[in-house]
Structure formats: structure tokens, C-alpha cells
$ cat model.cif   # mmCIF, C-alpha atoms
data_final
loop_
_atom_site.label_atom_id
_atom_site.label_comp_id
_atom_site.auth_asym_id
_atom_site.auth_seq_id
_atom_site.Cartn_x
_atom_site.Cartn_y
_atom_site.Cartn_z
CA MET I 1 82.16 102.67 77.52
CA LYS I 2 80.97 104.17 80.82
CA LEU I 3 80.90 102.93 84.38
CA ASN I 4 77.55 101.75 85.73
CA TYR I 5 77.53 103.93 88.84
CA LYS I 6 74.34 102.50 90.32
CA ARG I 7 75.66 98.94 90.12
CA THR I 8 79.06 99.93 91.51
CA ILE I 9 77.51 101.78 94.45
CA LEU I 10 75.41 98.73 95.28
CA ILE I 11 78.51 96.50 95.10
CA GLY I 12 80.19 99.01 97.43
CA PHE I 13 77.76 98.25 100.27
CA ALA I 14 79.90 95.21 101.19
CA PHE I 15 83.05 97.32 101.39
CA MET I 16 81.20 100.03 103.33
CA ALA I 17 80.30 97.50 106.03
CA ILE I 18 83.84 96.07 106.08
CA SER I 19 85.31 99.56 106.48
CA ALA I 20 82.92 100.43 109.30
CA PHE I 21 83.85 97.22 111.13
CA TRP I 22 87.61 97.76 110.89
CA GLN I 23 87.38 101.41 111.94
CA MET I 24 85.48 100.35 115.04
CA TYR I 25 87.81 97.40 115.62
CA ASP I 26 91.02 99.45 115.42
CA SER I 27 89.61 102.12 117.72
CA ILE I 28 87.76 100.11 120.37
CA ILE I 29 89.52 96.75 120.76
CA PRO I 30 92.82 98.35 121.95
CA LEU I 31 90.83 100.32 124.54
CA ILE I 32 89.14 97.14 125.80
CA LEU I 33 92.49 95.40 126.05
CA LYS I 34 93.93 98.33 127.98
CA TYR I 35 91.10 99.26 130.32
CA THR I 36 89.25 95.96 130.80
CA PHE I 37 92.20 93.57 130.83
CA SER I 38 95.00 96.01 131.85
CA LEU I 39 97.36 94.79 129.13
CA GLY I 40 100.52 96.69 128.18
CA GLU I 41 101.07 98.35 124.83
CA THR I 42 103.34 95.60 123.48
CA VAL I 43 100.93 92.78 124.37
CA THR I 44 98.05 94.84 123.00
CA GLY I 45 100.02 95.26 119.80
CA VAL I 46 100.55 91.51 119.54
CA ILE I 47 96.84 90.84 119.94
CA MET I 48 95.95 93.60 117.48
CA ALA I 49 98.30 91.95 115.00
CA ALA I 50 96.46 88.63 115.30
CA ASP I 51 93.83 89.55 112.73
CA ASN I 52 96.57 90.38 110.28
CA VAL I 53 98.42 87.12 110.97
CA LEU I 54 95.24 85.25 110.11
CA ALA I 55 94.63 87.41 107.07
CA LEU I 56 98.19 86.88 105.86
CA PHE I 57 97.38 83.23 105.21
CA LEU I 58 93.62 83.27 104.77
CA LEU I 59 93.00 86.15 102.36
CA PRO I 60 94.89 84.56 99.43
CA LEU I 61 93.33 81.19 100.31
CA PHE I 62 89.77 82.51 100.28
CA GLY I 63 90.55 84.65 97.23
CA VAL I 64 91.66 81.58 95.25
CA TRP I 65 88.79 79.52 96.66
CA SER I 66 86.30 82.12 95.45
CA ASP I 67 88.03 82.21 92.02
CA ARG I 68 87.25 78.50 91.71
CA CYS I 69 83.80 78.60 93.28
CA ASN I 70 80.96 77.55 90.98
CA HIS I 71 77.96 78.18 93.25
CA LYS I 72 74.60 79.10 91.73
CA LEU I 73 74.82 82.47 93.50
CA GLY I 74 78.18 83.22 91.86
CA ARG I 75 81.86 83.08 92.83
CA ARG I 76 81.90 85.78 95.51
CA SER I 77 78.37 86.07 96.90
CA PRO I 78 78.32 82.88 99.05
CA PHE I 79 81.47 84.02 100.86
CA ILE I 80 80.04 87.50 101.44
CA TYR I 81 76.72 86.26 102.85
CA ILE I 82 78.15 83.56 105.11
CA GLY I 83 81.09 85.66 106.33
CA THR I 84 78.94 88.67 107.15
CA VAL I 85 76.34 86.74 109.14
CA LEU I 86 79.00 84.92 111.17
CA SER I 87 80.89 88.16 111.79
CA ILE I 88 77.78 89.90 113.15
CA ALA I 89 77.11 86.98 115.52
CA PHE I 90 80.65 86.89 116.92
CA LEU I 91 80.82 90.69 117.18
CA LEU I 92 77.80 90.73 119.47
CA LEU I 93 79.11 87.77 121.46
CA LEU I 94 82.30 89.73 122.11
CA THR I 95 80.45 91.98 124.57
CA VAL I 96 79.71 88.94 126.75
CA ALA I 97 83.45 88.49 127.34
CA ASP I 98 84.19 92.17 128.02
CA LYS I 99 84.93 91.44 131.70
CA PRO I 100 88.26 91.53 133.57
CA ASP I 101 88.16 87.80 134.36
CA SER I 102 87.22 86.69 130.82
CA LEU I 103 90.39 87.38 128.85
CA TYR I 104 90.67 83.88 127.35
CA LEU I 105 87.00 83.83 126.38
CA PHE I 106 87.42 87.27 124.83
CA ILE I 107 90.45 86.12 122.82
CA GLY I 108 88.61 82.98 121.68
CA ILE I 109 85.58 84.90 120.40
CA LEU I 110 87.88 87.50 118.86
CA PHE I 111 89.66 84.73 116.94
CA LEU I 112 86.36 83.44 115.52
CA LEU I 113 85.30 86.98 114.62
CA LEU I 114 88.54 87.61 112.75
CA LEU I 115 88.27 84.26 110.98
CA SER I 116 84.78 85.21 109.80
CA MET I 117 85.93 88.59 108.52
CA SER I 118 88.85 86.99 106.65
CA PHE I 119 86.45 84.52 105.03
CA TYR I 120 84.80 87.16 102.89
CA ARG I 121 87.13 90.13 102.63
CA SER I 122 88.98 89.14 99.44
CA PRO I 123 85.79 87.92 97.68
CA ALA I 124 83.99 91.16 98.59
CA VAL I 125 86.80 93.30 97.18
CA ALA I 126 87.15 91.10 94.08
CA LEU I 127 83.46 91.54 93.24
CA MET I 128 84.01 95.02 91.77
CA PRO I 129 86.74 93.96 89.28
CA ASP I 130 84.60 90.94 88.35
CA LEU I 131 81.76 93.25 87.33
CA THR I 132 83.84 96.10 85.88
CA PRO I 133 85.83 96.16 82.60
CA PRO I 134 89.59 96.78 83.17
CA PRO I 135 89.61 100.33 81.71
CA LEU I 136 86.96 101.36 84.26
CA ARG I 137 88.39 99.71 87.37
CA SER I 138 90.03 102.81 88.84
CA LYS I 139 86.75 104.59 88.36
CA GLY I 140 84.96 101.70 90.04
CA ASN I 141 87.52 101.61 92.82
CA ALA I 142 86.96 105.32 93.46
CA VAL I 143 83.26 104.61 94.00
CA ILE I 144 84.05 101.60 96.20
CA ASN I 145 86.44 103.69 98.30
CA LEU I 146 83.80 106.40 98.53
CA MET I 147 81.43 103.81 99.99
CA GLY I 148 84.23 102.66 102.31
CA ALA I 149 84.68 106.24 103.51
CA VAL I 150 80.97 106.40 104.27
CA GLY I 151 81.46 103.29 106.41
CA PHE I 152 84.41 104.92 108.21
CA ILE I 153 82.35 108.03 108.92
CA TYR I 154 79.40 106.00 110.16
CA ALA I 155 81.64 104.06 112.55
CA LEU I 156 83.33 107.19 113.86
CA VAL I 157 80.00 108.92 114.48
CA MET I 158 78.77 105.83 116.32
CA ILE I 159 81.99 105.73 118.37
CA LYS I 160 81.52 109.37 119.32
CA VAL I 161 77.86 108.93 120.23
CA LEU I 162 77.94 105.44 121.77
CA GLY I 163 81.59 104.84 122.67
CA GLY I 164 81.58 106.55 126.06
CA ASN I 165 84.66 107.11 128.20
CA ALA I 166 86.95 104.10 127.73
CA ALA I 167 88.64 104.61 131.11
CA LYS I 168 85.24 104.06 132.81
CA ARG I 169 84.70 100.78 130.94
CA PRO I 170 81.36 101.48 129.25
CA SER I 171 79.22 98.78 127.65
CA TYR I 172 80.05 98.54 123.97
CA LEU I 173 76.92 96.56 123.11
CA PRO I 174 75.06 99.59 121.63
CA LEU I 175 78.09 100.43 119.49
CA PHE I 176 78.57 96.84 118.30
CA LEU I 177 74.84 96.62 117.53
CA ALA I 178 75.09 99.77 115.41
CA ILE I 179 77.94 98.24 113.39
CA GLY I 180 76.16 94.89 113.14
CA VAL I 181 73.00 96.54 111.80
CA LEU I 182 74.99 98.24 109.05
CA MET I 183 76.64 94.92 108.11
CA LEU I 184 73.24 93.22 107.98
CA ILE I 185 71.78 95.97 105.79
CA SER I 186 74.74 95.64 103.43
CA ILE I 187 74.12 91.97 102.63
CA ILE I 188 70.37 92.52 102.31
CA VAL I 189 71.05 95.23 99.72
CA LEU I 190 73.48 92.94 97.87
CA ALA I 191 71.11 89.98 97.97
CA PHE I 192 68.25 91.91 96.38
CA THR I 193 70.19 94.00 93.86
CA ILE I 194 73.40 92.21 92.82
CA HIS I 195 72.67 88.92 91.09
CA GLU I 196 76.27 88.00 90.45
CA ARG I 197 76.00 85.31 87.77
CA LYS I 198 73.57 87.32 85.68
CA LEU I 199 75.68 90.47 85.95
CA VAL I 200 78.92 88.69 85.04
CA ALA I 201 77.33 87.43 81.83
CA GLN I 202 75.94 90.90 81.13
CA VAL I 203 79.31 92.62 81.65
CA ASN I 204 81.10 90.06 79.48
CA GLU I 205 78.60 90.70 76.69
CA GLU I 206 79.04 94.47 77.03
CA CYS I 207 82.81 94.03 76.79
CA ARG I 208 82.56 91.86 73.70
CA ALA I 209 80.30 94.42 72.05
CA ALA I 210 82.83 97.17 72.83
CA GLY I 211 85.83 95.07 71.75
CA ILE I 212 87.25 95.03 75.29
CA SER I 213 88.68 91.97 77.05
CA MET I 214 87.98 91.29 80.73
CA ASP I 215 91.51 89.90 80.95
CA ALA I 216 94.62 91.86 81.92
CA THR I 217 95.41 95.08 80.10
CA GLU I 218 99.16 94.44 80.32
CA PRO I 219 100.60 93.06 77.04
CA GLU I 220 103.29 91.17 78.97
CA VAL I 221 100.79 89.09 80.91
CA LYS I 222 100.15 85.61 79.52
CA LYS I 223 98.26 82.51 80.56
CA ALA I 224 100.01 79.35 81.77
CA GLY I 225 97.38 76.67 82.27
CA THR I 226 94.82 78.36 84.50
CA ARG I 227 97.18 80.81 86.16
CA THR I 228 98.45 84.20 85.14
CA LYS I 229 102.11 84.17 84.07
CA LEU I 230 103.99 87.46 84.35
CA SER I 231 107.05 88.55 82.43
CA ARG I 232 110.06 89.58 84.53
CA PRO I 233 109.43 93.37 84.17
CA VAL I 234 105.81 92.96 85.24
CA ARG I 235 106.87 90.76 88.19
CA ILE I 236 109.29 93.46 89.32
CA SER I 237 106.54 96.07 89.10
CA LEU I 238 104.12 93.86 91.01
CA VAL I 239 106.62 93.15 93.80
CA ALA I 240 107.56 96.83 94.04
CA LEU I 241 103.90 97.81 94.21
CA LEU I 242 103.18 95.21 96.89
CA MET I 243 106.19 96.41 98.91
CA SER I 244 104.84 99.95 98.65
CA VAL I 245 101.45 98.69 99.85
CA ALA I 246 103.18 97.14 102.86
CA PHE I 247 105.11 100.31 103.69
CA TRP I 248 102.18 102.72 103.57
CA TYR I 249 100.03 100.31 105.57
CA ILE I 250 102.77 100.03 108.19
CA ALA I 251 102.65 103.81 108.55
CA TYR I 252 98.89 104.30 108.32
CA ASN I 253 97.84 101.37 110.51
CA ALA I 254 100.28 102.36 113.25
CA VAL I 255 98.53 105.72 113.50
CA THR I 256 94.95 104.45 113.22
CA THR I 257 95.51 101.62 115.72
CA ALA I 258 97.35 103.72 118.32
CA PHE I 259 95.69 107.09 117.88
CA SER I 260 92.87 106.48 120.38
CA ARG I 261 95.51 105.75 123.04
CA TYR I 262 97.84 108.50 121.79
CA ALA I 263 95.04 111.08 122.04
CA THR I 264 94.08 109.87 125.50
CA ASN I 265 97.63 109.85 126.88
CA GLN I 266 99.26 112.78 125.06
CA TRP I 267 96.40 115.12 124.30
CA ASN I 268 93.95 114.11 127.04
CA ILE I 269 90.92 114.51 124.76
CA GLY I 270 89.17 111.20 125.50
CA SER I 271 86.66 109.96 122.90
CA ASN I 272 86.96 113.28 121.04
CA TYR I 273 89.85 111.65 119.19
CA ALA I 274 87.13 110.38 116.85
CA ASP I 275 86.70 113.95 115.58
CA CYS I 276 90.19 113.90 114.04
CA LEU I 277 89.60 110.58 112.32
CA LEU I 278 86.16 111.74 111.21
CA ILE I 279 87.67 114.79 109.54
CA ALA I 280 90.18 112.56 107.73
CA SER I 281 87.34 110.37 106.44
CA ILE I 282 85.24 113.33 105.32
CA ALA I 283 88.26 114.80 103.55
CA ALA I 284 88.73 111.49 101.74
CA VAL I 285 85.12 111.56 100.56
CA ILE I 286 85.29 115.08 99.14
CA SER I 287 88.73 114.42 97.63
CA TYR I 288 87.59 111.92 95.02
CA LEU I 289 86.61 114.56 92.46
CA PRO I 290 89.95 116.44 92.49
CA ILE I 291 91.81 113.12 92.68
CA GLY I 292 89.93 111.98 89.61
CA ILE I 293 90.76 115.17 87.73
CA LEU I 294 94.44 115.01 88.65
CA SER I 295 94.72 111.30 87.91
CA GLY I 296 93.10 111.84 84.54
CA LYS I 297 95.99 114.14 83.68
CA ILE I 298 98.96 112.43 85.28
CA GLY I 299 97.99 108.73 85.75
CA ARG I 300 97.74 106.32 88.68
CA LYS I 301 101.39 106.14 89.74
CA LYS I 302 101.96 109.88 90.00
CA MET I 303 98.70 110.30 91.92
CA ILE I 304 99.85 107.66 94.39
CA LEU I 305 103.20 109.44 94.81
CA ILE I 306 101.40 112.71 95.50
CA GLY I 307 99.34 110.94 98.15
CA VAL I 308 102.45 109.46 99.75
CA ILE I 309 104.19 112.85 99.87
CA VAL I 310 101.14 114.59 101.35
CA MET I 311 100.78 111.95 104.06
CA ALA I 312 104.51 112.03 104.90
CA ILE I 313 104.43 115.81 105.31
CA SER I 314 101.25 115.62 107.41
CA TYR I 315 102.68 112.97 109.73
CA ALA I 316 105.88 114.99 110.05
CA SER I 317 103.86 118.07 111.03
CA MET I 318 102.04 116.13 113.75
CA ILE I 319 105.37 115.54 115.50
CA PHE I 320 105.33 119.14 116.68
CA TYR I 321 101.94 118.94 118.44
CA THR I 322 102.63 118.22 122.12
CA SER I 323 98.97 118.84 122.93
CA TYR I 324 95.78 119.04 120.94
CA HIS I 325 95.21 122.17 118.86
CA PHE I 326 92.41 122.66 116.34
CA THR I 327 94.97 123.22 113.57
CA ALA I 328 95.85 119.52 113.83
CA THR I 329 92.60 118.82 111.99
CA ILE I 330 94.10 120.44 108.87
CA PHE I 331 96.74 117.74 108.73
CA PHE I 332 94.18 115.01 109.36
CA ALA I 333 92.24 116.35 106.39
CA LEU I 334 95.41 116.13 104.29
CA ILE I 335 95.98 112.58 105.52
CA GLY I 336 92.47 111.74 104.32
CA PHE I 337 93.23 113.21 100.90
CA GLY I 338 96.55 111.34 100.64
CA TRP I 339 95.05 108.03 101.69
CA ALA I 340 92.26 108.41 99.13
CA ALA I 341 94.80 109.13 96.38
CA ILE I 342 96.70 105.96 97.28
CA ASN I 343 93.76 103.60 97.77
CA VAL I 344 91.83 104.55 94.65
CA ASN I 345 94.79 103.73 92.43
CA SER I 346 96.78 100.93 94.06
CA LEU I 347 94.40 97.94 93.83
CA PRO I 348 93.55 98.59 90.15
CA MET I 349 97.28 98.70 89.38
CA ALA I 350 97.64 95.24 90.96
CA VAL I 351 94.65 93.54 89.33
CA ASP I 352 95.48 95.04 85.92
CA MET I 353 98.59 92.86 85.97
CA CYS I 354 96.50 89.64 85.85
CA ASP I 355 93.78 87.93 83.84
CA ALA I 356 90.10 87.93 84.76
CA GLU I 357 90.24 84.38 86.16
CA ASP I 358 92.89 85.41 88.69
CA VAL I 359 91.40 88.64 90.05
CA GLY I 360 90.61 86.98 93.39
CA ARG I 361 94.14 85.61 93.69
CA PHE I 362 95.78 88.96 92.91
CA THR I 363 93.36 90.72 95.25
CA GLY I 364 94.54 88.21 97.85
CA TYR I 365 98.18 89.10 97.11
CA TYR I 366 97.36 92.78 97.58
CA TYR I 367 95.73 92.14 100.95
CA THR I 368 98.42 89.68 101.98
CA PHE I 369 100.99 92.44 101.84
CA SER I 370 98.71 94.97 103.51
CA MET I 371 97.96 92.48 106.27
CA ALA I 372 101.60 91.45 106.65
CA ALA I 373 102.32 95.12 107.26
CA GLN I 374 99.57 95.20 109.86
CA VAL I 375 101.07 92.17 111.58
CA ILE I 376 104.36 93.99 112.00
CA THR I 377 103.23 97.48 112.80
CA PRO I 378 101.02 97.06 115.91
CA ILE I 379 103.81 95.11 117.60
CA ALA I 380 106.69 97.35 116.50
CA SER I 381 104.88 100.64 117.10
CA GLY I 382 103.35 99.30 120.33
CA ALA I 383 106.80 98.41 121.68
CA LEU I 384 108.05 101.90 120.82
CA LEU I 385 105.05 103.50 122.52
CA GLU I 386 105.53 101.43 125.67
CA HIS I 387 109.32 101.33 126.01
CA VAL I 388 110.38 104.61 124.38
CA SER I 389 107.63 107.19 124.16
CA TYR I 390 104.25 107.91 122.62
CA ARG I 391 106.11 110.63 120.75
CA THR I 392 107.62 107.98 118.47
CA LEU I 393 104.30 107.37 116.70
CA PHE I 394 104.47 110.02 113.99
CA PRO I 395 108.23 109.78 113.23
CA TYR I 396 107.64 106.04 112.75
CA ALA I 397 104.89 106.79 110.23
CA VAL I 398 107.04 109.31 108.36
CA PHE I 399 109.87 106.83 107.94
CA PHE I 400 107.71 104.18 106.30
CA MET I 401 105.95 106.65 104.01
CA ILE I 402 109.41 107.59 102.72
CA CYS I 403 110.10 103.87 102.14
CA ALA I 404 106.85 103.64 100.15
CA PHE I 405 107.87 106.58 97.99
CA ILE I 406 111.20 104.91 97.17
CA SER I 407 109.71 101.50 96.31
CA MET I 408 107.07 103.08 94.05
CA GLN I 409 109.86 104.33 91.78
CA PHE I 410 110.31 100.72 90.57
CA VAL I 411 106.66 100.29 89.51
CA LYS I 412 106.50 100.52 85.72
CA HIS I 413 103.29 98.57 84.95
CA GLY I 414 99.60 98.71 85.87
CA ASP I 415 99.43 102.43 85.11
CA SER I 416 97.26 103.68 82.28
CA ARG I 417 96.12 107.08 81.14
CA PRO I 418 92.39 107.66 80.74
CA ASP I 419 90.71 109.41 77.88
CA ALA I 420 89.10 112.78 78.40
CA LYS I 421 85.96 112.46 80.53
CA GLY I 422 82.55 112.97 79.05
CA SER I 423 80.83 114.07 82.25
CA LEU I 424 81.62 115.53 85.63
CA LEU I 425 80.67 112.31 87.44
CA GLU I 426 83.29 110.38 85.50
CA HIS I 427 85.99 112.33 87.32
CA PHE I 428 85.29 110.20 90.41
CA ASP I 429 87.85 107.73 89.04
CA ALA I 430 91.54 107.99 89.74
CA GLY I 431 92.81 107.26 86.27
CA ASP I 432 91.66 104.52 83.92
#

$ encode --input "model.cif" --output "C-alpha cells"
Amino acid sequence: MKLNYKRTILIGFAFMAISAFWQMYDSIIPLILKYTFSLGETVTGVIMAADNVLALFLLPLFGVWSDRCNHKLGRRSPFIYIGTVLSIAFLLLLTVADKPDSLYLFIGILFLLLLSMSFYRSPAVALMPDLTPPPLRSKGNAVINLMGAVGFIYALVMIKVLGGNAAKRPSYLPLFLAIGVLMLISIIVLAFTIHERKLVAQVNEECRAAGISMDATEPEVKKAGTRTKLSRPVRISLVALLMSVAFWYIAYNAVTTAFSRYATNQWNIGSNYADCLLIASIAAVISYLPIGILSGKIGRKKMILIGVIVMAISYASMIFYTSYHFTATIFFALIGFGWAAINVNSLPMAVDMCDAEDVGRFTGYYYTFSMAAQVITPIASGALLEHVSYRTLFPYAVFFMICAFISMQFVKHGDSRPDAKGSLLEHFDAGD
């Protein structure tokens, strides 16, 4: 059985738009808070954590809601369409409040924007597992992450071209329009190409013909009523995996959220900070093939551990850069590789511990832990930046990557070894 690459790429348009939005959000919103509203690093961190506080409660809620949805368009599609349209509207409205005397209006619109994004994030991510047999989900996730990386790159290019000098308080309307157009295109593509109900029936029939179940691949996963019931060993693995997710997001999000300010204050390179993040995203894109080859030989867990080690070493190396030097881009490229190795494999490990009816719920669990991490880290890292030094950023990231490496040692389930690949394209997975 082979992955339908065309279908998976089309599904990935939703994740591409989501990735572009969050790259722009993490880079630009802290600059607006700093230069338009003159807020300190700690307060900025608290506000930047707000989206994650919302997501902490809303992602599992909307994931379960979409699991139970019986709309004629499918379980996930209504959430994706409504959430995207609302998000575009509030994103553009945000520019109206980008004025020094409009802080409360800005925060109010920001809240509605974040609520809209939370509405469809879990359903959008759950769409790929819904339309992909369990043995092919790492492969599908590699394609989805590839599309996400395209979204990152698009956003970073737009930031570089349209972002201007943050200290001079440019208008961000052209940039927000560029992101909004991509989000609009994504749902148009989905609406015309991904007919969810029809495809679910088609995939189920393909699985039956191949003797494959759309339910969990773990033998210790059973059904209790309408909910997945895990044995104690699988529960331990799931908790350990989710803790690892939290740790590496604490590290990664601290860097991505603060790097625009770090580069401005420590390296004095202005909007050119986007070059470093762009290199990381490009490296992630071109890393999928070698990640697929390596994962095919060693499995998901070991590939994740390699990614964690590479990122920890790269963050540790950045500690020694007191000013910008072109060699720093080497470590950003390695960070991109490490992050790709982690992301391609971690979500499939989580959803392979549940049954098909609970994919949305387990996707929500995954994002609950990632968002809980991103509640903590902007505040904690922001306080360190403000009250200790900007130089604390990379040691902070190193510490939590080490924590992720330790917690991953307790993950014993959700890992599977793929068969030998029949074509070069099939190496875009990160282990079946």
C-alpha cells in the first residue's frame, strides 16, 4: 500500500497556511508590543503566552467536537473553512489597532484572532490521519511538514520584503494581507479538491481491501464505549512522549518567539534576522529525504533522539556568538534538520496509540502539551531576557532539549519499523 502523495499535498495546504500565520505571529507581534506599545519583555511574554493559554483548553475541545461532528462536508472541513475565514478577518482588523493609544483594542482583536485559529487547528491537523492508513502516517506527516515548511518560508520572505524596520513602526497591513491571501488560497484549494466524506469512505475501502485497519496499530489499545482505552505501558509511553513534546516546544518556542528581539538587541541586524530563520526552514525542507532514509533504518524514536541531540548541540553553539557571524547560519540549518526529524515522527507516534474515532482527541492532547509549553516559555524566557540578560536565551533552550532527551527514554510504544521502500519518493516519510 502506497501513500497518495497528491491527496496528502492538497491536505497539507491547511497546515501550510497555519504555519505561515504562526511564523508571522511569533516574529511580528512581539515587535508591535515592544515598539508600538512600549511593553517590557515580561509583559510581552505574558501576552505572547495568551494564544497558548487559549489553545491549552480549546484544542482538545475542538478536536473532540470535530470527532463527533456529522456535517455533510465531513468532520473536519467545517471547522477549517469557518476558522480560516474568521482568522483572516481578525488578522486584517489587527492593523487598525496598531496605534500607541489602542492597546486594549489591539488585545481584544488579538483575542478573537487567537480564538479563531484555535477553532480549526486540531481539525486541520487531524485531517491527514483521517485520510491516511496508520502504516503510512509518518510518510503523510512528512509531506504535511514539508507543506508547513513552505508556509514558514513564505512568511519569512514576506517579513523580509514587507516587514520594514520595526523600530520605525512600519505599517504591517501589506504583510498581513500577504499572509491572509495565502490562508484564503489554502481553503479554496481544499474546498475544490478534498471532499472529506467521499475520501474517508474511499480510504476505508482501500484499507479493507489491503487487510489494514484504520484503528490503532498498538495491540495494547482497546475500546471502552466510544473512547480509546490504553494499557498502563501504553499510557506511560504516551505521557512520556507528551512530556517530551512539551520540553522541546519550551526550547524551540523560546528561540523563535524571542529571536527577532535577540537579533535586534544583541546582533543589531534588524529585519535581517529573518534570514537565519529562513535558512532553518529551507534546511528542514531539504532534510526530509535523508530523514526518511534514516528513519526507515532506525525507526521513529531514534530519529527523534537524533533531532533532539542535533538541536541541543546547535543551541549550545549559539551561546558563543556575541555578535552576528555568517557561520551562525550553519547552526540554524542544523536546527531546521533537527526540528524536522522531531516533527515528522512525534505526532504519528501519538495518534498510533489510539483508534480511528479518537484521532482528533489525541491530536488535541498532542497540541495541548505543545501549547502548555508555549504558555510557560514566553513568560519564563521573557523574564530571563528582561531581568537577567538576553544571553540566557540559548542556555535556556539547551536545558530543555536535554530534558526532552531524558523523557524520550521512557517512550516504548508508537514506534514502528517500515518495510523497504519501493521508490525514492517514499523516503519522504520518517518511518512507518

$ atom_distance --input "model.cif" --atom1 "atom CA of I:Ser186" --atom2 "atom CA of I:Gly74"
17.3 Å

$ atom_distance --input "model.cif" --atom1 "atom CA of I:Ala201" --atom2 "atom CA of I:Phe62"
22.8 Å

$ resolve_selection --input "model.cif" --expression "the PyMOL selection byres ((chain I and resi 3) around 9)" --output "tab-separated table (two decimals) with C-alpha atoms, keeping the file's coordinate frame"
chain	number	residue	atom	x	y	z
I	1	MET	CA	82.16	102.67	77.52
I	2	LYS	CA	80.97	104.17	80.82
I	4	ASN	CA	77.55	101.75	85.73
I	5	TYR	CA	77.53	103.93	88.84
I	6	LYS	CA	74.34	102.50	90.32
I	7	ARG	CA	75.66	98.94	90.12
I	8	THR	CA	79.06	99.93	91.51
I	132	THR	CA	83.84	96.10	85.88
I	133	PRO	CA	85.83	96.16	82.60
I	136	LEU	CA	86.96	101.36	84.26
I	137	ARG	CA	88.39	99.71	87.37
I	139	LYS	CA	86.75	104.59	88.36
I	140	GLY	CA	84.96	101.70	90.04
I	426	GLU	CA	83.29	110.38	85.50

$ closest_residue --input "model.cif" --among "I:Leu184, I:Val411, I:Ala258, I:Leu190" --to "I:Thr44" --atoms "all atoms listed in the file"
I:Ala258

$ closest_residue --input "model.cif" --among "I:Leu175, I:Leu110, I:Ala97, I:Val181" --to "I:Ala17" --atoms "only C-alpha atoms"
I:Val181
